[in-house]
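What follows is a set of notes on a single structure, which appears directly below.
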Amino acid sequence: MPFNSVQFFLFFTVLYGLYLLAHRFFSHKAENRLLLAASYLFYAAWDWRFLSLVFASAFVNFYCGKKIFFGRDDKERKRYLVYSIAVNLFILGFFKYLDFFASNLQSLLRVIGLDPGIGALNIILPIGISFYTFQVMSYALDIYRKEMEPAGSFFDFALFVSFFPPLMAGPIERAKNLLPQIIRPRRITRDAVYEGAFLIFWGFVQKTVIADNLGFRLVDPVFAGGGSGPSVLIGVYAFALQIYCDFAGYSNIARGLAKCLGIELTLNFNLPYFAANPRDFWRRWHISLSSWFRDYVYIPLGGNRRGRIRTIINLFITMLLCGFWHGAAWTFLAWGFFHAVLLALYRLLAPLSAKLPAAWNIGLAQKLFYVARVFVFFNFVCLGWLIFRSESLYQAGDILKRIFTSWHIGGAYSVIGFYYFLFFSAGLFLVQFFQHKKGDLMYFYHARPAVKVLFYVICFYLIVIYGQSEAQEFIYVQF
Amino acid sequence: MVSLVLFFIIGFGLERTDLVWRFFYVNSRPATDHFLRKAAELRLIKEKIGEERVFLVGSSVTYEGYDEDYLNREAAGKGMRFYNFGSGGVTPPWLFLLRKDYIARRPDLVVWPVYVGDFYGRPDYASLKYFFKFEILPRIASYVGFRELYGHKGEIFDAVIAEILPFYRYNKSIIRSFETAIGDRILGVRREAPLVTKKTGTQPPSFFDNIAASEVKFAKTEYTELNKKLFLDFIRDLKAAGVKVLIVGAPMNSRITSISAAGLETELDEWLRTAADEHNFIYIGARELPVFSDDEFVDFSHLNEWGRDKNSRFLLEYLMNMTGTRY
């Protein structure tokens, strides 16, 4: 039941009606039970069998959370933290990575002449597993660090684990942000509902108009092996916009839905393609994941406090894990490695920027220099996306080669592809330019009435003409 | 709210602008965007200017069965103009939904070539959104049940949206029209009239054998009675608006019997003859048509260039030779 489907529309309409009734006439507890039942129903619509996994995850972590908090001594507290992390990693490892390790072990053994006959196990990847597993791990870790208390009610905690808006593809909510909002009575204000509706609307435009159109018109043909140099280049650029609009679209819809229910979710994207360097990029892209790795991996490893070499090593460990989180494939590891290289280079070269001529940091020159850095860095990010989207490292190399060696315009089709790219990217850029300039991601919500009306009317037409009525799955749901 | 109102006002305004429809008519692609093109062609028909209008309606059998260019050339001095509105997958329920649009353009005669597929098949719900009006839902429900409607809930939801939102009905075709227009500008092509393509040649014998071996395409279904009812309602409403109706038993490849249940052609022919008497419309059955050989068909039901010529000539002669009232 993707957000962009008729079923979800009906599901949410009915749920919201009941929720408002519960909010008006019943207790806060009733609201939570209703949301829990709806969240389980939402997940079961994909595959009811894996509901047991969500339930088990909630049960184990709720139990461990209590034990960690009320543990007699540090040893016992640590033991239950290890249990909790081990169970979560076991679940994740089994469903997400076992096939990868098994097939790579088989390939390795074949090199030395052994055939263990392991083969592909074809384990189904439960949707949202990477997201809710990381969410519950943050719960155990935060309790262990004494940054929060465990949930008092199992049902409230179960709702924290399975709350449907971020369940499939995030944002990865920290327990200390989401859980208190579940436990305490909520207020649903008219403003929050309007803001939520705006986020849902804009997320829907990002997904069904920009991401889906770029995907099937420009990206899929290139990664299926077609296209000359210019088409491939446009295809790679288009994928950068597709994955952004697809994922940010999901996050916006999730945040909007939660807002309508009186819950504030974490901001997951903050104009990432306006970043001028890798550090800035990771503060703007998939913020809930990058901050998770920062807080629970990079900083505990020592962060940047143990000298330059150790910092670089920590960066590589963190980014390789971040890449691996996306999926069990060498391309994701390579993508993580690539970003680690960018971050490491930036860390090494950043001090040089202090030596730039002062004239570069004034007025127009400063702006042009910023634009140039954004453009150059965007191209590096696109190179990373090329690796990320490829089926294999070999394909990534092949596509990269085609960009540089097959440079001819392939007739009207290429030009129409270019037109589509310009059309959608210019629209997106225009929106983001104003968001950036005004420093307000909700600029078009807060804008003057005339601007607002123009924005909505254009978006309505884009949805009517370009919106994909056949619900396309969100990219990050597969992670 | 203001944006929504403005969106609908602009949409309805544009939908009533000939320039927009002319753009779609000229730039829509022949096969994929047939519904948009035919809707545009219908909308662009002006007030009557003395000529008598003949609308050829129905499925692809109609579209492929008549050469409207030939008909218009031959009828040029005779005060008659032909419009071929045949489109793939248009069966009686969908055509029933178009009746008011046809009547609004004041045809003098509507010619509808029918074949077993029109009555003994299932409607193509994927194309429902191009024709949808709410009046069809109770009719389908009363004949085939709500369960069947529920089975097509996705297509019906899409169709309902299409009925409400301006231009949503043809959105994919509109995009392709833009693409064609842009491609033409780039290639320096200036298009005044749409590109028309019709099927030619004949499929190899293996084509017929493979399809015949894999399925019985036409048989009595739960839609048959609905198809017949809406066929008669279509005729009734046209006649009530003063439009004459000519139903033609479309010529078929002799191999059609290999993909339809036994005796269907005869059953349909008999039913149409009875209905013509009861409901007062003209029916030309297969036995009144010239003889068509299998070489004059592309496949089971569509005429090729030779068959099309013969069929068009026959229609023209038939209309010209009618005595008494012109039709």
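Ordering of the structure tokens sets the chain letters (A, B, ...); residue numbers start at 1 within each chain; ligands are numbered from 1 in the order shown.
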Closest atom pairs, chain A residues within 6 Å of chain B, only C-alpha atoms, as CSV:
```
residue,atom,partner,partner_atom,distance
A:Ala412,CA,B:Gly183,CA,5.6
A:Val453,CA,B:Ser3,CA,4.8
A:Tyr456,CA,B:Ser3,CA,5.9
A:Val457,CA,B:Phe7,CA,5.4
A:Val464,CA,B:Tyr168,CA,5.1
A:Ile465,CA,B:Asn171,CA,4.6
```
Kindly save the residues from that selection, with N, CA and C atoms included, as a short mmCIF file (atom, residue, chain, number, x, y, z; two decimals), in the first residue's frame.
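And here is the file that came out, selection-v9.cif:
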```cif
data_model
loop_
_atom_site.label_atom_id
_atom_site.label_comp_id
_atom_site.auth_asym_id
_atom_site.auth_seq_id
_atom_site.Cartn_x
_atom_site.Cartn_y
_atom_site.Cartn_z
N ALA A 412 16.11 13.19 -32.52
CA ALA A 412 15.07 13.92 -31.78
C ALA A 412 14.82 13.33 -30.40
N VAL A 453 -1.08 30.70 -4.89
CA VAL A 453 -2.09 30.25 -5.87
C VAL A 453 -1.40 29.78 -7.14
N TYR A 456 0.25 26.38 -6.54
CA TYR A 456 -0.72 25.27 -6.49
C TYR A 456 -1.29 24.97 -7.87
N VAL A 457 -1.66 26.02 -8.61
CA VAL A 457 -2.28 25.78 -9.92
C VAL A 457 -1.30 25.04 -10.83
N VAL A 464 -2.02 16.50 -13.01
CA VAL A 464 -3.04 16.01 -13.95
C VAL A 464 -2.40 15.49 -15.24
N ILE A 465 -1.44 16.24 -15.75
CA ILE A 465 -0.85 15.85 -17.04
C ILE A 465 0.29 14.84 -16.85
#
```
Write out as a PyMOL selection string which residues come within 10 Å of B:Trp112 when counting only C-alpha atoms, dropping same-chain ones fewer than 2 positions away. chain B and resi 55-59+61-62+85-86+109-110+114-115+245-250+283
Take the residues just selected and output them with C-alpha atoms as a tab-separated table (two decimals), in the first residue's frame.
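What ended up in selection.tsv:
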```tsv
chain	number	residue	atom	x	y	z
B	55	PHE	CA	-20.24	9.59	-38.86
B	56	LEU	CA	-18.56	6.21	-39.08
B	57	VAL	CA	-18.44	4.94	-35.50
B	58	GLY	CA	-17.37	1.84	-33.63
B	59	SER	CA	-14.19	-0.05	-33.00
B	61	VAL	CA	-13.02	-2.57	-37.37
B	62	THR	CA	-14.64	0.72	-38.40
B	85	PHE	CA	-14.50	7.96	-35.51
B	86	GLY	CA	-13.67	4.27	-35.22
B	109	LEU	CA	-26.33	9.51	-40.56
B	110	VAL	CA	-24.35	7.30	-38.21
B	114	VAL	CA	-20.54	-4.37	-35.88
B	115	TYR	CA	-19.03	-7.83	-35.47
B	245	VAL	CA	-28.66	4.90	-38.15
B	246	LEU	CA	-27.17	2.33	-40.46
B	247	ILE	CA	-25.81	-0.83	-38.86
B	248	VAL	CA	-23.50	-2.91	-41.00
B	249	GLY	CA	-22.45	-6.47	-40.32
B	250	ALA	CA	-18.71	-5.87	-40.73
B	283	TYR	CA	-29.24	-3.23	-41.14
```
Just want the 10 Å neighbourhood of stretch 24-30 of chain A, counted on only C-alpha atoms, with same-chain residues fewer than 5 positions away dropped. Output as a ChimeraX atom specification. /A:18-19,35-36,155-156,182-186
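With only C-alpha atoms as the basis for measurement, B:Met252 is the residue among B:Ala262, B:Met252, B:Glu278, B:Arg16 that approaches B:Ser293 most closely.
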Please provide as an mmCIF file with C-alpha atoms, in the first residue's frame all residues within 12 Å of stretch 294-296 of chain A, with the sequence filter that same-chain residues fewer than 5 positions apart are discarded (counting only C-alpha atoms).
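The resulting around-v6.cif:
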```
data_model
loop_
_atom_site.group_PDB
_atom_site.id
_atom_site.type_symbol
_atom_site.label_atom_id
_atom_site.label_comp_id
_atom_site.auth_asym_id
_atom_site.auth_seq_id
_atom_site.Cartn_x
_atom_site.Cartn_y
_atom_site.Cartn_z
ATOM 1 C CA ILE A 85 21.811 -4.897 19.535
ATOM 2 C CA PHE A 134 17.791 1.321 13.400
ATOM 3 C CA GLN A 135 14.967 3.093 15.154
ATOM 4 C CA MET A 137 18.560 0.329 18.243
ATOM 5 C CA SER A 138 18.604 4.051 18.992
ATOM 6 C CA TYR A 139 16.072 3.336 21.768
ATOM 7 C CA ALA A 140 18.322 0.794 23.490
ATOM 8 C CA LEU A 141 21.433 2.920 23.017
ATOM 9 C CA ASP A 142 19.798 6.097 24.325
ATOM 10 C CA TYR A 144 21.988 2.840 28.009
ATOM 11 C CA ARG A 145 23.459 6.320 27.697
ATOM 12 C CA ARG A 174 15.023 8.665 17.449
ATOM 13 C CA ARG A 279 30.299 17.530 4.954
ATOM 14 C CA TRP A 282 25.649 14.813 4.666
ATOM 15 C CA ARG A 283 24.089 17.411 6.923
ATOM 16 C CA ILE A 287 19.630 13.563 7.824
ATOM 17 C CA SER A 288 18.037 10.958 10.076
ATOM 18 C CA LEU A 289 20.443 8.257 8.829
ATOM 19 C CA LEU A 301 34.693 5.393 17.386
ATOM 20 C CA GLY A 302 36.399 8.572 18.468
ATOM 21 C CA GLY A 303 35.123 10.945 15.812
ATOM 22 C CA ASN A 304 37.749 13.576 15.054
ATOM 23 C CA ASN A 314 36.587 6.496 11.426
ATOM 24 C CA LEU A 315 35.143 8.262 8.406
ATOM 25 C CA ILE A 317 34.282 2.807 8.713
ATOM 26 C CA THR A 318 31.201 4.996 9.104
ATOM 27 C CA MET A 319 30.658 5.591 5.411
ATOM 28 C CA LEU A 321 28.631 0.941 7.012
ATOM 29 C CA CYS A 322 26.365 3.669 5.698
#
```
DSSP strand (DSSP E) selection over stretch 51-123 of chain B, as a PDB file with N, CA and C atoms, in the first residue's frame:
```pdb
ATOM      1  N   GLU B  52     -24.067  17.194 -45.726  1.00  0.00           N
ATOM      2  CA  GLU B  52     -24.661  16.158 -44.890  1.00  0.00           C
ATOM      3  C   GLU B  52     -23.524  15.371 -44.261  1.00  0.00           C
ATOM      4  N   ARG B  53     -23.661  15.146 -42.985  1.00  0.00           N
ATOM      5  CA  ARG B  53     -22.561  14.517 -42.252  1.00  0.00           C
ATOM      6  C   ARG B  53     -22.821  13.041 -42.010  1.00  0.00           C
ATOM      7  N   VAL B  54     -21.812  12.246 -42.318  1.00  0.00           N
ATOM      8  CA  VAL B  54     -21.904  10.814 -42.033  1.00  0.00           C
ATOM      9  C   VAL B  54     -20.803  10.469 -41.039  1.00  0.00           C
ATOM     10  N   PHE B  55     -21.213  10.015 -39.878  1.00  0.00           N
ATOM     11  CA  PHE B  55     -20.238   9.588 -38.858  1.00  0.00           C
ATOM     12  C   PHE B  55     -20.083   8.079 -38.934  1.00  0.00           C
ATOM     13  N   LEU B  56     -18.841   7.636 -39.128  1.00  0.00           N
ATOM     14  CA  LEU B  56     -18.555   6.205 -39.081  1.00  0.00           C
ATOM     15  C   LEU B  56     -18.072   5.925 -37.665  1.00  0.00           C
ATOM     16  N   MET B  80     -21.725  15.722 -49.228  1.00  0.00           N
ATOM     17  CA  MET B  80     -21.654  14.751 -48.145  1.00  0.00           C
ATOM     18  C   MET B  80     -20.244  14.754 -47.556  1.00  0.00           C
ATOM     19  N   ARG B  81     -20.158  14.642 -46.243  1.00  0.00           N
ATOM     20  CA  ARG B  81     -18.808  14.580 -45.643  1.00  0.00           C
ATOM     21  C   ARG B  81     -18.768  13.429 -44.639  1.00  0.00           C
ATOM     22  N   PHE B  82     -17.689  12.663 -44.731  1.00  0.00           N
ATOM     23  CA  PHE B  82     -17.537  11.493 -43.857  1.00  0.00           C
ATOM     24  C   PHE B  82     -16.514  11.774 -42.758  1.00  0.00           C
ATOM     25  N   TYR B  83     -16.803  11.278 -41.577  1.00  0.00           N
ATOM     26  CA  TYR B  83     -15.862  11.340 -40.446  1.00  0.00           C
ATOM     27  C   TYR B  83     -15.706   9.926 -39.906  1.00  0.00           C
ATOM     28  N   ASN B  84     -14.465   9.469 -39.829  1.00  0.00           N
ATOM     29  CA  ASN B  84     -14.253   8.117 -39.304  1.00  0.00           C
ATOM     30  C   ASN B  84     -13.846   8.212 -37.832  1.00  0.00           C
ATOM     31  N   LEU B 109     -26.322  10.977 -40.562  1.00  0.00           N
ATOM     32  CA  LEU B 109     -26.332   9.515 -40.562  1.00  0.00           C
ATOM     33  C   LEU B 109     -25.162   9.006 -39.726  1.00  0.00           C
ATOM     34  N   VAL B 110     -25.432   7.980 -38.940  1.00  0.00           N
ATOM     35  CA  VAL B 110     -24.349   7.297 -38.209  1.00  0.00           C
ATOM     36  C   VAL B 110     -24.267   5.877 -38.740  1.00  0.00           C
ATOM     37  N   VAL B 111     -23.077   5.498 -39.184  1.00  0.00           N
ATOM     38  CA  VAL B 111     -22.859   4.141 -39.702  1.00  0.00           C
ATOM     39  C   VAL B 111     -22.001   3.389 -38.683  1.00  0.00           C
ATOM     40  N   TRP B 112     -22.506   2.234 -38.260  1.00  0.00           N
ATOM     41  CA  TRP B 112     -21.770   1.471 -37.241  1.00  0.00           C
ATOM     42  C   TRP B 112     -21.575   0.027 -37.729  1.00  0.00           C
ATOM     43  N   PRO B 113     -20.394  -0.296 -38.167  1.00  0.00           N
ATOM     44  CA  PRO B 113     -20.129  -1.691 -38.528  1.00  0.00           C
ATOM     45  C   PRO B 113     -19.906  -2.521 -37.256  1.00  0.00           C
ATOM     46  N   VAL B 114     -20.667  -3.559 -37.090  1.00  0.00           N
ATOM     47  CA  VAL B 114     -20.536  -4.374 -35.877  1.00  0.00           C
ATOM     48  C   VAL B 114     -20.061  -5.776 -36.235  1.00  0.00           C
TER      49      VAL B 114
END
```
Would you kindly return, as a ChimeraX atom specification, each protein, DNA or RNA residue with an atom no farther than 9 Å from any atom of A:Arg389, considering only C-alpha atoms and excluding same-chain residues fewer than 3 positions away? /A:223,236,239,331-332,384-386,392,396
Selection to disk with N, CA and C atoms, as a PDB file, in the first residue's frame:
```pdb
ATOM      1  N   PHE A 223      20.175   2.928 -17.735  1.00  0.00           N
ATOM      2  CA  PHE A 223      20.707   1.837 -16.922  1.00  0.00           C
ATOM      3  C   PHE A 223      20.290   0.467 -17.461  1.00  0.00           C
ATOM      4  N   VAL A 236      22.183  10.140 -15.849  1.00  0.00           N
ATOM      5  CA  VAL A 236      22.820  10.129 -14.522  1.00  0.00           C
ATOM      6  C   VAL A 236      22.382  11.355 -13.716  1.00  0.00           C
ATOM      7  N   PHE A 239      18.952  10.775 -12.586  1.00  0.00           N
ATOM      8  CA  PHE A 239      18.826   9.864 -11.441  1.00  0.00           C
ATOM      9  C   PHE A 239      19.076  10.608 -10.125  1.00  0.00           C
ATOM     10  N   THR A 331      28.079  -2.474  -5.025  1.00  0.00           N
ATOM     11  CA  THR A 331      27.900  -1.097  -5.512  1.00  0.00           C
ATOM     12  C   THR A 331      27.617  -0.143  -4.338  1.00  0.00           C
ATOM     13  N   PHE A 332      26.846  -0.608  -3.357  1.00  0.00           N
ATOM     14  CA  PHE A 332      26.545   0.258  -2.203  1.00  0.00           C
ATOM     15  C   PHE A 332      27.798   0.477  -1.349  1.00  0.00           C
ATOM     16  N   GLY A 384      28.767   9.487  -7.670  1.00  0.00           N
ATOM     17  CA  GLY A 384      28.378   8.530  -6.631  1.00  0.00           C
ATOM     18  C   GLY A 384      27.050   7.849  -6.958  1.00  0.00           C
ATOM     19  N   TRP A 385      26.098   8.633  -7.457  1.00  0.00           N
ATOM     20  CA  TRP A 385      24.784   8.039  -7.797  1.00  0.00           C
ATOM     21  C   TRP A 385      24.904   7.042  -8.944  1.00  0.00           C
ATOM     22  N   LEU A 386      25.834   7.319  -9.845  1.00  0.00           N
ATOM     23  CA  LEU A 386      26.044   6.378 -10.958  1.00  0.00           C
ATOM     24  C   LEU A 386      26.428   5.003 -10.400  1.00  0.00           C
ATOM     25  N   SER A 392      25.996  -3.421 -11.055  1.00  0.00           N
ATOM     26  CA  SER A 392      27.291  -3.968 -10.648  1.00  0.00           C
ATOM     27  C   SER A 392      28.357  -2.909 -10.877  1.00  0.00           C
ATOM     28  N   ALA A 396      28.741   0.082 -13.745  1.00  0.00           N
ATOM     29  CA  ALA A 396      29.076   1.477 -13.416  1.00  0.00           C
ATOM     30  C   ALA A 396      30.229   1.957 -14.290  1.00  0.00           C
TER      31      ALA A 396
END
```
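Atom CA of A:Ile458 lies 13.3 Å from atom CA of B:Ile9.
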Run DSSP on the backbone and grab whatever in stretch 62-303 of chain B lands in helix (DSSP H, G or I); send it over as a short mmCIF file (atom, residue, chain, number, x, y, z; two decimals) with C-alpha atoms, in the first residue's frame.
```
data_model
loop_
_atom_site.label_atom_id
_atom_site.label_comp_id
_atom_site.auth_asym_id
_atom_site.auth_seq_id
_atom_site.Cartn_x
_atom_site.Cartn_y
_atom_site.Cartn_z
CA THR B 62 -14.64 0.72 -38.40
CA TYR B 63 -11.38 2.64 -38.42
CA GLU B 64 -9.60 0.10 -40.59
CA GLY B 65 -12.72 -0.74 -42.59
CA GLU B 68 -12.42 8.39 -45.14
CA ASP B 69 -10.09 10.21 -47.54
CA TYR B 70 -11.42 8.18 -50.43
CA LEU B 71 -15.01 8.64 -49.28
CA ASN B 72 -14.61 12.39 -48.94
CA ARG B 73 -12.88 12.68 -52.28
CA GLU B 74 -15.62 10.78 -54.03
CA ALA B 76 -16.92 15.98 -52.54
CA GLY B 77 -19.42 17.30 -55.08
CA LYS B 78 -22.37 15.51 -53.58
CA PRO B 92 -21.33 -0.76 -27.29
CA PRO B 93 -21.00 0.40 -23.63
CA TRP B 94 -18.30 2.91 -24.50
CA LEU B 95 -20.06 4.05 -27.66
CA PHE B 96 -23.26 4.49 -25.69
CA LEU B 97 -21.37 7.02 -23.55
CA LEU B 98 -20.40 8.98 -26.66
CA ARG B 99 -23.91 9.30 -28.06
CA LYS B 100 -24.56 12.79 -26.72
CA ASP B 101 -21.21 14.04 -28.02
CA TYR B 102 -22.12 12.71 -31.47
CA ILE B 103 -25.61 14.17 -31.37
CA ALA B 104 -24.20 17.57 -30.40
CA VAL B 116 -19.10 -10.62 -32.90
CA GLY B 117 -16.43 -8.93 -30.78
CA ASP B 118 -18.78 -6.05 -30.09
CA PHE B 119 -21.30 -8.29 -28.39
CA TYR B 125 -11.76 -1.28 -18.88
CA ALA B 126 -8.31 0.19 -19.50
CA SER B 127 -9.92 2.57 -21.97
CA LEU B 128 -12.95 3.37 -19.79
CA LYS B 129 -11.47 6.67 -18.66
CA TYR B 130 -11.62 8.05 -22.20
CA ILE B 136 -22.60 3.77 -17.04
CA LEU B 137 -22.06 2.49 -13.49
CA PRO B 138 -25.67 1.56 -12.60
CA ARG B 139 -26.09 -0.01 -16.03
CA ILE B 140 -23.03 -2.22 -15.65
CA ALA B 141 -23.95 -3.05 -12.06
CA SER B 142 -27.49 -4.06 -12.97
CA TYR B 143 -26.35 -6.44 -15.71
CA VAL B 144 -23.07 -7.87 -14.48
CA PHE B 146 -21.12 -4.97 -8.32
CA ARG B 147 -18.51 -7.67 -7.96
CA GLU B 148 -17.40 -7.08 -11.54
CA LEU B 149 -17.23 -3.34 -10.92
CA TYR B 150 -15.17 -3.93 -7.81
CA GLY B 151 -12.82 -6.10 -9.83
CA LYS B 153 -11.96 -0.55 -9.11
CA GLY B 154 -8.58 0.87 -10.19
CA GLU B 155 -9.75 1.64 -13.73
CA ILE B 156 -13.07 2.99 -12.44
CA PHE B 157 -11.35 5.25 -9.92
CA ASP B 158 -9.08 6.52 -12.67
CA ALA B 159 -12.12 7.10 -14.89
CA VAL B 160 -13.98 9.00 -12.17
CA ILE B 161 -10.95 11.26 -11.72
CA ALA B 162 -10.88 11.71 -15.50
CA GLU B 163 -14.50 12.81 -15.46
CA ILE B 164 -13.78 15.41 -12.79
CA TYR B 168 -6.69 14.13 -17.04
CA ARG B 169 -8.65 11.86 -19.41
CA TYR B 170 -6.04 12.23 -22.13
CA ASN B 171 -2.96 13.09 -20.06
CA LYS B 172 -0.57 10.53 -21.54
CA SER B 173 -1.65 11.42 -25.07
CA ILE B 174 -1.25 15.11 -24.31
CA ILE B 175 2.33 14.46 -23.24
CA ARG B 176 2.99 12.56 -26.47
CA SER B 177 1.43 15.41 -28.46
CA PHE B 178 3.87 17.82 -26.81
CA GLU B 179 6.71 15.44 -27.65
CA THR B 180 5.61 15.24 -31.28
CA ALA B 181 5.33 19.01 -31.51
CA ILE B 182 8.76 19.52 -29.98
CA GLY B 183 10.29 16.82 -32.18
CA ASP B 184 8.74 18.45 -35.24
CA ARG B 185 10.07 21.88 -34.31
CA ILE B 186 13.53 20.41 -33.88
CA LEU B 187 13.36 18.58 -37.21
CA PRO B 205 -0.72 -18.14 -41.56
CA SER B 206 1.19 -18.84 -38.33
CA PHE B 207 -0.33 -15.70 -36.80
CA PHE B 208 -3.83 -17.08 -37.26
CA ASP B 209 -2.86 -20.57 -36.14
CA ASN B 210 -1.17 -19.35 -32.96
CA ILE B 211 -4.09 -17.23 -31.86
CA ALA B 212 -6.64 -19.86 -32.80
CA ALA B 213 -4.67 -22.45 -30.83
CA SER B 214 -4.40 -20.32 -27.72
CA THR B 224 -23.52 -9.82 -23.86
CA GLU B 225 -26.95 -8.71 -22.68
CA LEU B 226 -25.55 -5.37 -21.50
CA ASN B 227 -23.87 -4.86 -24.87
CA LYS B 228 -27.12 -5.54 -26.68
CA LYS B 229 -29.12 -3.28 -24.38
CA LEU B 230 -26.73 -0.35 -24.73
CA PHE B 231 -26.47 -0.92 -28.47
CA LEU B 232 -30.23 -0.50 -28.74
CA ASP B 233 -30.23 2.47 -26.35
CA PHE B 234 -27.58 4.15 -28.48
CA ILE B 235 -29.73 3.72 -31.57
CA ARG B 236 -32.86 4.85 -29.73
CA ASP B 237 -31.27 8.10 -28.55
CA LEU B 238 -29.77 8.89 -31.93
CA LYS B 239 -33.06 8.33 -33.67
CA ALA B 240 -34.86 10.45 -31.09
CA SER B 254 -13.37 -16.59 -42.71
CA ARG B 255 -10.94 -17.68 -39.99
CA ILE B 256 -12.90 -15.67 -37.41
CA THR B 257 -14.82 -18.88 -36.68
CA SER B 258 -11.62 -20.37 -35.28
CA LEU B 264 -22.10 -16.81 -32.98
CA GLU B 265 -22.04 -15.04 -36.36
CA THR B 266 -25.39 -16.49 -37.35
CA GLU B 267 -26.88 -15.77 -33.93
CA LEU B 268 -25.74 -12.15 -34.07
CA ASP B 269 -26.97 -11.70 -37.62
CA GLU B 270 -30.41 -13.01 -36.70
CA TRP B 271 -30.59 -10.87 -33.59
CA LEU B 272 -29.64 -7.74 -35.56
CA ARG B 273 -32.26 -8.43 -38.24
CA THR B 274 -34.94 -8.83 -35.61
CA ALA B 275 -33.76 -5.72 -33.77
CA ALA B 276 -33.70 -3.71 -37.01
CA ASP B 277 -37.36 -4.55 -37.58
CA GLU B 278 -38.37 -3.87 -34.02
CA HIS B 279 -36.37 -0.69 -33.53
CA ALA B 286 -22.88 -9.90 -44.32
CA ARG B 287 -24.92 -11.53 -47.07
CA GLU B 288 -25.80 -8.12 -48.54
CA ASP B 294 -9.22 -13.63 -46.79
CA ASP B 295 -6.46 -11.82 -48.71
CA GLU B 296 -8.34 -8.60 -48.10
#
```
Which residue, A:Phe62, A:Phe380, A:Phe474, A:Phe429, has the smallest gap to A:Gly152 when you use only C-alpha atoms? A:Phe62
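All residues of protein, DNA or RNA that reach within 10 Å of B:Gly201, judged by only C-alpha atoms and not counting those fewer than 3 positions away in the chain, are Pro204, Asp295, Glu296, Phe297, Val298, Asp299, Leu303, Asn304, Glu305 and Trp306 of chain B.
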For atom CA of A:Phe12 and atom CA of A:Phe444, quote the distance in Å rounded to one decimal. 24.7 Å
I want to know what sits within 12 Å of A:Glu76, based on only C-alpha atoms, with residues of the same chain fewer than 6 positions away left out; could you give that as number ranges by chain? A: 64-70, 82-83, 144
Separation of atom CA of A:Gln7 from atom CA of A:Phe157 in Å: 26.7 Å
